[in-house]
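J.: File data-v3.txt below, compact mmCIF, C-alpha atoms:
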# COMPACT_ATOMS: atom_id res chain seq x y z
CA MET A 21 15.21 11.13 -70.96
CA HIS A 22 13.99 8.03 -72.69
CA ARG A 23 10.39 6.95 -72.94
CA HIS A 24 9.42 3.59 -71.51
CA GLN A 25 8.95 0.95 -74.21
CA SER A 26 6.01 -1.44 -73.95
CA ASN A 27 6.84 -4.94 -72.80
CA LYS A 28 5.32 -6.84 -75.70
CA GLY A 29 5.96 -10.52 -75.45
CA TRP A 30 5.92 -10.64 -71.65
CA PHE A 31 3.61 -13.09 -69.94
CA HIS A 32 0.09 -11.66 -69.94
CA ILE A 33 -2.47 -12.55 -67.27
CA PRO A 34 -6.05 -12.30 -68.57
CA MET A 35 -8.34 -10.16 -66.42
CA GLY A 36 -10.84 -12.71 -65.16
CA PRO A 37 -13.42 -12.61 -62.38
CA VAL A 38 -10.98 -13.96 -59.79
CA LEU A 39 -8.31 -11.37 -60.60
CA ALA A 40 -10.93 -8.61 -60.60
CA ALA A 41 -12.10 -9.72 -57.15
CA VAL A 42 -8.52 -9.69 -55.85
CA LEU A 43 -8.03 -6.16 -57.16
CA VAL A 44 -11.25 -4.92 -55.57
CA VAL A 45 -10.42 -6.53 -52.22
CA SER A 46 -6.83 -5.26 -52.22
CA PHE A 47 -7.64 -1.72 -53.42
CA PRO A 48 -7.61 -0.19 -49.93
CA LEU A 49 -4.13 -1.63 -49.37
CA TRP A 50 -2.55 0.18 -52.29
CA ALA A 51 -4.85 3.21 -52.54
CA ASN A 52 -2.57 5.17 -50.21
CA ALA A 53 0.59 3.58 -51.51
CA ALA A 54 3.69 5.61 -50.80
CA GLU A 55 7.08 4.94 -52.25
CA LEU A 56 10.60 6.22 -52.02
CA VAL A 57 12.07 6.46 -55.50
CA MET A 58 15.85 6.68 -55.63
CA TYR A 59 17.27 7.98 -58.89
CA GLU A 60 20.84 6.77 -59.32
CA SER A 61 23.51 6.28 -61.95
CA GLY A 62 26.26 3.70 -62.28
CA ASP A 63 29.06 6.24 -61.88
CA CYS A 64 27.69 7.89 -58.71
CA PRO A 65 29.94 7.38 -55.66
CA TRP A 66 27.32 8.94 -53.34
CA CYS A 67 24.79 6.39 -54.58
CA GLU A 68 27.18 3.60 -53.64
CA THR A 69 27.68 5.17 -50.20
CA TRP A 70 23.90 5.37 -49.68
CA HIS A 71 23.50 1.72 -50.65
CA SER A 72 26.16 0.62 -48.16
CA GLU A 73 25.02 2.88 -45.29
CA VAL A 74 21.24 2.89 -45.75
CA GLY A 75 20.06 0.76 -48.67
CA ASP A 76 21.23 -2.56 -47.28
CA LEU A 77 19.08 -2.12 -44.17
CA PHE A 78 16.21 -0.02 -45.49
CA ASP A 79 13.82 -3.00 -45.63
CA LYS A 80 14.27 -3.51 -41.88
CA THR A 81 13.28 0.06 -40.89
CA ASP A 82 10.03 1.67 -39.77
CA GLU A 83 10.21 3.79 -42.92
CA ALA A 84 10.06 0.65 -45.06
CA ARG A 85 6.68 -0.18 -43.48
CA VAL A 86 5.41 3.10 -44.91
CA LEU A 87 7.46 3.40 -48.11
CA THR A 88 8.30 0.92 -50.81
CA LEU A 89 11.85 1.51 -52.04
CA ARG A 90 12.21 1.72 -55.80
CA VAL A 91 15.61 2.30 -57.42
CA ILE A 92 15.73 3.82 -60.90
CA ASP A 93 18.89 3.99 -63.01
CA VAL A 94 18.75 7.32 -64.88
CA ASP A 95 20.89 5.82 -67.64
CA ASN A 96 17.98 3.52 -68.59
CA PRO A 97 14.51 4.43 -69.87
CA ILE A 98 12.37 5.94 -67.10
CA PRO A 99 9.24 3.87 -66.35
CA SER A 100 6.09 5.47 -67.73
CA ASP A 101 4.49 5.86 -64.29
CA LEU A 102 7.41 8.13 -63.26
CA GLU A 103 7.44 10.40 -66.30
CA ARG A 104 5.52 13.04 -64.29
CA VAL A 105 8.45 13.40 -61.88
CA ARG A 106 10.43 16.32 -63.30
CA GLY A 107 13.69 18.01 -62.49
CA VAL A 108 15.83 15.02 -61.56
CA VAL A 109 19.27 16.34 -62.49
CA TYR A 110 21.60 15.03 -59.78
CA THR A 111 22.17 11.56 -58.43
CA PRO A 112 21.22 10.44 -56.00
CA THR A 113 17.83 12.13 -55.84
CA PHE A 114 15.18 10.64 -53.57
CA VAL A 115 11.53 11.39 -54.32
CA VAL A 116 8.68 10.43 -51.99
CA LEU A 117 5.49 9.71 -53.91
CA GLN A 118 2.02 8.99 -52.62
CA ASP A 119 -0.57 7.84 -55.14
CA GLY A 120 1.83 8.97 -57.88
CA ARG A 121 2.11 12.54 -56.56
CA GLU A 122 5.35 13.98 -55.27
CA GLN A 123 5.32 14.74 -51.54
CA GLY A 124 8.96 15.78 -51.18
CA ARG A 125 12.49 15.10 -52.33
CA ILE A 126 16.03 14.88 -51.04
CA LEU A 127 18.78 16.06 -53.38
CA GLY A 128 22.04 14.20 -52.95
CA TYR A 129 23.04 12.10 -50.00
CA PRO A 130 23.95 14.29 -47.01
CA GLY A 131 24.96 11.35 -44.80
CA GLU A 132 22.99 8.75 -42.89
CA ASP A 133 21.76 10.92 -39.98
CA PHE A 134 20.66 13.80 -42.21
CA PHE A 135 19.02 11.42 -44.68
CA TRP A 136 16.82 9.78 -42.03
CA GLY A 137 15.88 13.16 -40.55
CA LEU A 138 14.94 14.61 -43.93
CA LEU A 139 12.97 11.49 -44.86
CA ARG A 140 11.04 11.58 -41.55
CA SER A 141 10.29 15.25 -42.14
CA ILE A 142 8.74 14.46 -45.53
CA LEU A 143 6.78 11.53 -44.09
CA GLY A 144 5.47 13.77 -41.30
CA ARG A 145 3.64 15.84 -43.92
CA ILE A 146 1.69 12.83 -45.21
CA PRO A 147 -1.28 12.03 -42.93
CA GLY A 148 -1.10 8.52 -41.53
CA HIS A 149 2.50 7.99 -42.64
CA GLU A 150 4.43 9.40 -39.70
CA VAL A 151 7.23 7.31 -38.22
CA ALA A 152 8.76 7.45 -34.76
CA GLU A 153 11.89 9.46 -34.10
CA GLY A 154 15.03 7.57 -33.30
CA ARG A 155 17.92 5.64 -34.75
Could you render the structure from this file as structure tokens?

T.:
Amino acid sequence: MHRHQSNKGWFHIPMGPVLAAVLVVSFPLWANAAELVMYESGDCPWCETWHSEVGDLFDKTDEARVLTLRVIDVDNPIPSDLERVRGVVYTPTFVVLQDGREQGRILGYPGEDFFWGLLRSILGRIPGHEVAEGR
């Protein structure tokens, strides 16, 4: 895997009193941040199937209220905040993270119904992140 390169030359926002106040006020909102990280590759037909069956409507689901979806192409450098996630060999692999710690993963795409059931099962193990059954 590749290491994430720094983004020198990108727009830099100086850390001023206003920005510091915003971070302090918003801390409780992202302190329990949970995300669904999808590892994919360009030549993965199951990834394409997931995108057409699930990905296109993920943002409209109850799960999206709990999880931020983040898609990572394994053929590109892995972002530095995800370097702790180990053992991603197959695509797609879905990893649920809370505060940067892995809570569970789904290997492959077993179909829409199985995917939602497995995802709900993982979410059920994270206090305060349960979602209702159904679909």

J.: What separation in Å, quoted to one decimal, exists between atom CA of Gly144 of chain A and atom CA of Thr81 of chain A?

T.: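 Atom-to-atom, atom CA of Gly144 of chain A to atom CA of Thr81 of chain A, that is 15.8 Å.
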
J.: Would you mind telling me which residue in A:Cys67, A:Leu102, A:Val57, A:Val74 lies nearest to Val115 of chain A when using all atoms listed in the file?

T.: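 Going through A:Cys67, A:Leu102, A:Val57, A:Val74 one by one, the smallest distance to Val115 of chain A is for A:Val57.
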
J.: Calculate how many Å separate atom CA of Glu55 of chain A from atom CA of Leu117 of chain A, rounding to one decimal.

T.: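 Here the two named atoms are 5.3 Å from each other.
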
J.: So how far away is atom CA of Gly120 of chain A from atom CA of Cys64 of chain A, in Å?

T.: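 Computing it gives 25.9 Å between the two atoms.
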
J.: For Pro112 of chain A, which residue among A:Gly137, A:Pro130, A:Pro147, A:Pro99 is the nearest when counting all atoms listed in the file?

T.: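 Result for the nearest residue to Pro112 of chain A: A:Pro130.
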
J.: Complete segment 52-65 of chain A with N, CA and C atoms (output as an mmCIF file, in the coordinates of the input).

T.:
data_model
loop_
_atom_site.group_PDB
_atom_site.id
_atom_site.type_symbol
_atom_site.label_atom_id
_atom_site.label_comp_id
_atom_site.auth_asym_id
_atom_site.auth_seq_id
_atom_site.Cartn_x
_atom_site.Cartn_y
_atom_site.Cartn_z
ATOM 1 N N ASN A 52 -3.420 4.159 -50.804
ATOM 2 C CA ASN A 52 -2.570 5.170 -50.210
ATOM 3 C C ASN A 52 -1.110 4.781 -50.308
ATOM 4 N N ALA A 53 -0.774 4.068 -51.349
ATOM 5 C CA ALA A 53 0.590 3.580 -51.510
ATOM 6 C C ALA A 53 1.576 4.742 -51.569
ATOM 7 N N ALA A 54 2.611 4.613 -50.794
ATOM 8 C CA ALA A 54 3.690 5.610 -50.800
ATOM 9 C C ALA A 54 4.971 4.877 -51.149
ATOM 10 N N GLU A 55 5.812 5.555 -51.898
ATOM 11 C CA GLU A 55 7.080 4.940 -52.250
ATOM 12 C C GLU A 55 8.193 5.960 -52.220
ATOM 13 N N LEU A 56 9.383 5.431 -51.955
ATOM 14 C CA LEU A 56 10.600 6.220 -52.020
ATOM 15 C C LEU A 56 11.304 5.810 -53.297
ATOM 16 N N VAL A 57 11.415 6.744 -54.227
ATOM 17 C CA VAL A 57 12.070 6.460 -55.500
ATOM 18 C C VAL A 57 13.465 7.071 -55.441
ATOM 19 N N MET A 58 14.461 6.221 -55.593
ATOM 20 C CA MET A 58 15.850 6.680 -55.630
ATOM 21 C C MET A 58 16.299 6.684 -57.084
ATOM 22 N N TYR A 59 16.703 7.853 -57.553
ATOM 23 C CA TYR A 59 17.270 7.980 -58.890
ATOM 24 C C TYR A 59 18.784 7.909 -58.732
ATOM 25 N N GLU A 60 19.405 6.969 -59.426
ATOM 26 C CA GLU A 60 20.840 6.770 -59.320
ATOM 27 C C GLU A 60 21.459 6.581 -60.690
ATOM 28 N N SER A 61 22.785 6.607 -60.721
ATOM 29 C CA SER A 61 23.510 6.280 -61.950
ATOM 30 C C SER A 61 24.691 5.398 -61.568
ATOM 31 N N GLY A 62 25.191 4.655 -62.526
ATOM 32 C CA GLY A 62 26.260 3.700 -62.280
ATOM 33 C C GLY A 62 27.577 4.332 -61.851
ATOM 34 N N ASP A 63 27.795 5.587 -62.219
ATOM 35 C CA ASP A 63 29.060 6.240 -61.880
ATOM 36 C C ASP A 63 28.904 7.248 -60.734
ATOM 37 N N CYS A 64 27.999 6.975 -59.818
ATOM 38 C CA CYS A 64 27.690 7.890 -58.710
ATOM 39 C C CYS A 64 28.262 7.332 -57.407
ATOM 40 N N PRO A 65 29.374 7.888 -56.905
ATOM 41 C CA PRO A 65 29.940 7.380 -55.660
ATOM 42 C C PRO A 65 29.030 7.605 -54.447
#
